[in-house]
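**Q** One structure is given below, represented as structure tokens, and several questions about it will come after.
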Amino acid sequence: MGLMDRMASFMGYERRDDASPLDPSWQALSSNVGYPSVMSARMAENLSAVLACVNAISTALAYVPALVYRREGDNRVESPSHPVSRLARGQLAMRMTWPDVIEHWIASALLTGNGLVEIVRSGNGQVSNLVYVPWQHVTVQELSSGRLAYDVGDGKGSVRRLLEGEVLHLRDRTDDGLLGRSRLARSADTVQGVDLANRHAREFLRNGASPSGLIEVPGTMTAEQRTGLRDQFNEHHGGAGNAGKTLVLDGGMTFKAAQISPEDAELLATRQFGVVEICRLFGVPPPIIQDYTNNTFTNAAQAGLWFATFCLSPWARKIEAEFSRSLFPSGGPYELELDLSGFLRGDPATRWNAHKIAIETGVLDPEEVRQVEGWNPRQGRKVDATPAGEGEQANG
């Protein structure tokens with residue numbers, strides 16, 4: 001061990017070795033046990049309910065305002081000049097915008113249990129960019145210090161190493177404290193059951209929504225004759241493209257169609273239940289992904305509130321905590337906040353009623369409400385904290 005290596009080891013730093021082929025025992029850290037993370041995620045997205053749930057959560061959190069605050073004693077002051085604030089306003093140096101990076105990051109965590117974003121810093125140490133890293137390109141090692149090293153391949157044989165503090169690692173619930181495990185892996189039987197129901201429906205429709213049948217032949221047929229008859233029948237009368245064709249049999253053969261089974265008759269109900277199962281896995285109310293089967297005006301109005309409270313808020317807290325852990329200085333005054341009140345922008349009646357209550361109770365004044373809405377202050381107008389109606393008369 002060289003002098004610099006001994007000094008780094010003594011001071012507690014990890015040595016950044018050139019990435020090399022990893023011991024196979026470490027490969028397990030990059031995938032979910034019993035359910036390959038990359039392939040299962042891609043296959044699961046073929047299920048419309050999985051894709052819709054992932055899109056609903058990741059897109060919603062990607063579009064809400066991301067604000068950086070600086071703590072000054074007991075007060076918090078927004079810091080629009082902070083580098084992360086500038087990035088959140090869309091000033092990323094690469095191809096992706098802030099919503100793109102956040103959406104991909106969260107979607108990766110939902111599908112594979114882990115999402116990774118590289119923190120790029122300029123020469124003065126300030127954050128200059130955030131780059132999404134596809135999890136399928138990452139292999140993870142646990143260093144002797146207990147920290148994680150992320151070896152990222154570029155698909156061309158080149159691998160580079162990133163250490164904790166150089167990445168934002170978003171995890172779903174973990175089993176080992178190191179890597180997240182996706183809910184698709186935890187409920188693999190449920191997801192596979194929904195997939196099997198969809199496959200059954202696809203094959204049922206491919207056959208023209210007609211059940212199979214049997215051909216009765218007098219006498220005994222050889223194996224070759226049975227195979228030839230079956231192949232000819234499937235070629236000319238099997239599948240949706242051959243539905244309605246006239247069947248001609250000779251030699252005393254007769255065809256008897258099988259009746260539609262109760263399972264086939266309940267196919268739509270089975271698939272509907274699969275949508276509910278997937279929504280249950282991701283914590284998404286069915287109306288959010290356009291499933292209005294059991295919908296009423298009341299539960300539709302509450303679906304958005306439920307979605308924000310029980311699904312988005314926990315993920316938002318995870319994101320805020322990861323920024324504090326990996327990007328902002330330890331014990332520093334800065335923190336990130338995802339403003340979920342942005343969801344009220346789709347409900348102007350609720351939003352303005354909330355503003356009215358805030359003004360009447362003295363929590364906000366009209367100018368602060370204008371600031372919340374992103375409007376400039378009114379020029380040359382005196383504003384007090386009187387109720388909205390009285391203020392308009394006084395300033396009229």
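Ligands are numbered from 1 in the order shown, chains are lettered A, B, ... in the order of the structure tokens, and residues start at 1 in each chain.
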When DSSP is applied to the backbone of this structure, which of region 132-228 of chain A are assigned helix (DSSP H, G or I)? Write them out as a PyMOL selection string.

**A** chain A and resi 135-137+183-186+188-206+223-228

**Q** Please provide the set of residues having any atom within 10 Å of Ala321 (chain A), restricted to only C-alpha atoms, with same-chain residues fewer than 4 positions apart removed, written as a PDB file with all heavy atoms, in the first residue's frame.

**A**
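The result, written out as around_1.pdb:
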```pdb
ATOM      1  N   LEU A 170     -32.256   6.773  -4.262  1.00  0.00           N
ATOM      2  CA  LEU A 170     -33.624   6.671  -3.759  1.00  0.00           C
ATOM      3  C   LEU A 170     -34.005   5.200  -3.678  1.00  0.00           C
ATOM      4  O   LEU A 170     -33.924   4.474  -4.671  1.00  0.00           O
ATOM      5  CB  LEU A 170     -34.581   7.416  -4.689  1.00  0.00           C
ATOM      6  CG  LEU A 170     -36.044   7.494  -4.255  1.00  0.00           C
ATOM      7  CD1 LEU A 170     -36.181   8.279  -2.959  1.00  0.00           C
ATOM      8  CD2 LEU A 170     -36.892   8.128  -5.360  1.00  0.00           C
ATOM      9  N   TRP A 315     -43.324   9.491  -0.475  1.00  0.00           N
ATOM     10  CA  TRP A 315     -42.240   9.541  -1.461  1.00  0.00           C
ATOM     11  C   TRP A 315     -41.566  10.914  -1.464  1.00  0.00           C
ATOM     12  O   TRP A 315     -40.342  11.018  -1.601  1.00  0.00           O
ATOM     13  CB  TRP A 315     -42.753   9.192  -2.852  1.00  0.00           C
ATOM     14  CG  TRP A 315     -42.893   7.729  -3.073  1.00  0.00           C
ATOM     15  CD1 TRP A 315     -44.047   6.999  -3.096  1.00  0.00           C
ATOM     16  CD2 TRP A 315     -41.835   6.785  -3.298  1.00  0.00           C
ATOM     17  NE1 TRP A 315     -43.775   5.667  -3.307  1.00  0.00           N
ATOM     18  CE2 TRP A 315     -42.442   5.509  -3.438  1.00  0.00           C
ATOM     19  CE3 TRP A 315     -40.462   6.885  -3.386  1.00  0.00           C
ATOM     20  CZ2 TRP A 315     -41.683   4.352  -3.664  1.00  0.00           C
ATOM     21  CZ3 TRP A 315     -39.710   5.738  -3.605  1.00  0.00           C
ATOM     22  CH2 TRP A 315     -40.325   4.493  -3.751  1.00  0.00           C
ATOM     23  N   ALA A 316     -42.363  11.975  -1.309  1.00  0.00           N
ATOM     24  CA  ALA A 316     -41.771  13.317  -1.241  1.00  0.00           C
ATOM     25  C   ALA A 316     -40.829  13.434  -0.044  1.00  0.00           C
ATOM     26  O   ALA A 316     -39.750  14.026  -0.144  1.00  0.00           O
ATOM     27  CB  ALA A 316     -42.878  14.360  -1.162  1.00  0.00           C
ATOM     28  N   ARG A 317     -41.226  12.855   1.077  1.00  0.00           N
ATOM     29  CA  ARG A 317     -40.364  12.908   2.265  1.00  0.00           C
ATOM     30  C   ARG A 317     -39.079  12.120   2.033  1.00  0.00           C
ATOM     31  O   ARG A 317     -37.998  12.526   2.479  1.00  0.00           O
ATOM     32  CB  ARG A 317     -41.127  12.335   3.471  1.00  0.00           C
ATOM     33  CG  ARG A 317     -40.358  12.459   4.776  1.00  0.00           C
ATOM     34  CD  ARG A 317     -40.215  13.912   5.182  1.00  0.00           C
ATOM     35  NE  ARG A 317     -39.310  14.062   6.327  1.00  0.00           N
ATOM     36  CZ  ARG A 317     -38.019  14.350   6.231  1.00  0.00           C
ATOM     37  NH1 ARG A 317     -37.464  14.537   5.027  1.00  0.00           N
ATOM     38  NH2 ARG A 317     -37.282  14.471   7.302  1.00  0.00           N
ATOM     39  N   ARG A 325     -29.335  14.226   2.927  1.00  0.00           N
ATOM     40  CA  ARG A 325     -28.264  13.292   3.278  1.00  0.00           C
ATOM     41  C   ARG A 325     -27.082  13.369   2.327  1.00  0.00           C
ATOM     42  O   ARG A 325     -25.916  13.350   2.751  1.00  0.00           O
ATOM     43  CB  ARG A 325     -28.812  11.868   3.298  1.00  0.00           C
ATOM     44  CG  ARG A 325     -27.814  10.808   3.745  1.00  0.00           C
ATOM     45  CD  ARG A 325     -28.434   9.423   3.659  1.00  0.00           C
ATOM     46  NE  ARG A 325     -28.492   8.957   2.285  1.00  0.00           N
ATOM     47  CZ  ARG A 325     -27.542   8.211   1.707  1.00  0.00           C
ATOM     48  NH1 ARG A 325     -26.473   7.872   2.390  1.00  0.00           N
ATOM     49  NH2 ARG A 325     -27.678   7.813   0.462  1.00  0.00           N
ATOM     50  N   SER A 326     -27.366  13.460   1.030  1.00  0.00           N
ATOM     51  CA  SER A 326     -26.316  13.275   0.033  1.00  0.00           C
ATOM     52  C   SER A 326     -25.848  14.547  -0.646  1.00  0.00           C
ATOM     53  O   SER A 326     -24.717  14.593  -1.146  1.00  0.00           O
ATOM     54  CB  SER A 326     -26.803  12.301  -1.057  1.00  0.00           C
ATOM     55  OG  SER A 326     -27.100  11.042  -0.510  1.00  0.00           O
ATOM     56  N   LEU A 327     -26.679  15.575  -0.673  1.00  0.00           N
ATOM     57  CA  LEU A 327     -26.316  16.739  -1.483  1.00  0.00           C
ATOM     58  C   LEU A 327     -25.994  17.963  -0.640  1.00  0.00           C
ATOM     59  O   LEU A 327     -25.012  18.656  -0.915  1.00  0.00           O
ATOM     60  CB  LEU A 327     -27.451  17.048  -2.469  1.00  0.00           C
ATOM     61  CG  LEU A 327     -27.098  18.009  -3.611  1.00  0.00           C
ATOM     62  CD1 LEU A 327     -27.858  17.632  -4.865  1.00  0.00           C
ATOM     63  CD2 LEU A 327     -27.408  19.444  -3.242  1.00  0.00           C
ATOM     64  N   GLU A 335     -32.248  23.024   2.979  1.00  0.00           N
ATOM     65  CA  GLU A 335     -33.107  21.850   2.854  1.00  0.00           C
ATOM     66  C   GLU A 335     -33.999  22.020   1.629  1.00  0.00           C
ATOM     67  O   GLU A 335     -34.309  23.146   1.214  1.00  0.00           O
ATOM     68  CB  GLU A 335     -33.953  21.651   4.104  1.00  0.00           C
ATOM     69  CG  GLU A 335     -34.888  22.802   4.412  1.00  0.00           C
ATOM     70  CD  GLU A 335     -35.633  22.615   5.723  1.00  0.00           C
ATOM     71  OE1 GLU A 335     -35.080  21.976   6.645  1.00  0.00           O
ATOM     72  OE2 GLU A 335     -36.775  23.114   5.823  1.00  0.00           O
ATOM     73  N   LEU A 336     -34.392  20.890   1.063  1.00  0.00           N
ATOM     74  CA  LEU A 336     -35.282  20.880  -0.103  1.00  0.00           C
ATOM     75  C   LEU A 336     -36.694  20.560   0.354  1.00  0.00           C
ATOM     76  O   LEU A 336     -36.900  19.738   1.253  1.00  0.00           O
ATOM     77  CB  LEU A 336     -34.820  19.825  -1.121  1.00  0.00           C
ATOM     78  CG  LEU A 336     -35.682  19.688  -2.381  1.00  0.00           C
ATOM     79  CD1 LEU A 336     -35.372  20.815  -3.356  1.00  0.00           C
ATOM     80  CD2 LEU A 336     -35.455  18.327  -3.041  1.00  0.00           C
ATOM     81  N   GLU A 337     -37.664  21.208  -0.273  1.00  0.00           N
ATOM     82  CA  GLU A 337     -39.064  20.903   0.009  1.00  0.00           C
ATOM     83  C   GLU A 337     -39.826  20.788  -1.299  1.00  0.00           C
ATOM     84  O   GLU A 337     -39.739  21.673  -2.163  1.00  0.00           O
ATOM     85  CB  GLU A 337     -39.705  21.973   0.887  1.00  0.00           C
ATOM     86  CG  GLU A 337     -41.173  21.705   1.189  1.00  0.00           C
ATOM     87  CD  GLU A 337     -41.793  22.756   2.074  1.00  0.00           C
ATOM     88  OE1 GLU A 337     -41.264  22.989   3.180  1.00  0.00           O
ATOM     89  OE2 GLU A 337     -42.796  23.374   1.660  1.00  0.00           O
TER      90      GLU A 337
END
```

**Q** Give me the residues within 12 Å of Asp291 (chain A) as a PyMOL selection string, counting only C-alpha atoms and dropping any in the same chain fewer than 5 places off.

**A** chain A and resi 48-49+52-53+271-276+278-279+284-286+296+300+303

**Q** With a distance cut-off of 10 Å and only C-alpha atoms, select the neighbouring residues of Asp100 (chain A), excluding the residue or stretch itself and same-chain residues fewer than 2 positions from it, and output the selection as a ChimeraX atom specification.

**A** /A:58-59,62-63,90,95-98,102-105,132

**Q** Restricted to N, CA and C atoms, what would the selected residues look like written as an mmCIF file, in the first residue's frame?

**A**
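Wrote result31.cif, looks like this:
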```
data_model
loop_
_atom_site.group_PDB
_atom_site.id
_atom_site.type_symbol
_atom_site.label_atom_id
_atom_site.label_comp_id
_atom_site.auth_asym_id
_atom_site.auth_seq_id
_atom_site.Cartn_x
_atom_site.Cartn_y
_atom_site.Cartn_z
ATOM 1 N N SER A 58 -44.625 9.133 -10.444
ATOM 2 C CA SER A 58 -43.386 9.801 -10.853
ATOM 3 C C SER A 58 -43.670 11.139 -11.532
ATOM 4 N N THR A 59 -44.689 11.194 -12.372
ATOM 5 C CA THR A 59 -44.998 12.448 -13.065
ATOM 6 C C THR A 59 -45.522 13.490 -12.091
ATOM 7 N N ALA A 62 -42.709 14.920 -10.161
ATOM 8 C CA ALA A 62 -41.764 15.643 -11.010
ATOM 9 C C ALA A 62 -42.249 17.051 -11.338
ATOM 10 N N TYR A 63 -43.566 17.263 -11.308
ATOM 11 C CA TYR A 63 -44.057 18.573 -11.730
ATOM 12 C C TYR A 63 -44.316 19.531 -10.572
ATOM 13 N N GLY A 90 -34.984 24.437 -14.171
ATOM 14 C CA GLY A 90 -34.784 23.956 -15.528
ATOM 15 C C GLY A 90 -33.425 24.223 -16.107
ATOM 16 N N ARG A 95 -29.263 16.864 -21.439
ATOM 17 C CA ARG A 95 -30.459 16.815 -22.268
ATOM 18 C C ARG A 95 -31.739 16.849 -21.450
ATOM 19 N N MET A 96 -31.714 16.299 -20.250
ATOM 20 C CA MET A 96 -32.918 16.184 -19.447
ATOM 21 C C MET A 96 -33.176 17.452 -18.646
ATOM 22 N N THR A 97 -34.447 17.810 -18.527
ATOM 23 C CA THR A 97 -34.844 18.881 -17.629
ATOM 24 C C THR A 97 -35.023 18.315 -16.221
ATOM 25 N N TRP A 98 -35.256 19.206 -15.254
ATOM 26 C CA TRP A 98 -35.497 18.762 -13.880
ATOM 27 C C TRP A 98 -36.661 17.774 -13.807
ATOM 28 N N ILE A 102 -36.242 13.858 -12.350
ATOM 29 C CA ILE A 102 -37.009 13.409 -11.184
ATOM 30 C C ILE A 102 -37.969 12.289 -11.573
ATOM 31 N N GLU A 103 -38.626 12.415 -12.726
ATOM 32 C CA GLU A 103 -39.573 11.389 -13.166
ATOM 33 C C GLU A 103 -38.881 10.055 -13.387
ATOM 34 N N HIS A 104 -37.748 10.057 -14.077
ATOM 35 C CA HIS A 104 -37.017 8.818 -14.319
ATOM 36 C C HIS A 104 -36.481 8.226 -13.018
ATOM 37 N N TRP A 105 -36.011 9.083 -12.148
ATOM 38 C CA TRP A 105 -35.446 8.646 -10.858
ATOM 39 C C TRP A 105 -36.485 7.915 -10.022
ATOM 40 N N TYR A 132 -29.392 11.516 -14.499
ATOM 41 C CA TYR A 132 -30.055 10.247 -14.197
ATOM 42 C C TYR A 132 -29.193 9.089 -14.671
#
```

**Q** Measuring between only C-alpha atoms, which one of A:Gly228, A:Gly193, A:Gly157, A:Gly123 shows the shortest distance to His137 (chain A)?

**A**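 That would be A:Gly157, the residue with the smallest distance to His137 (chain A).
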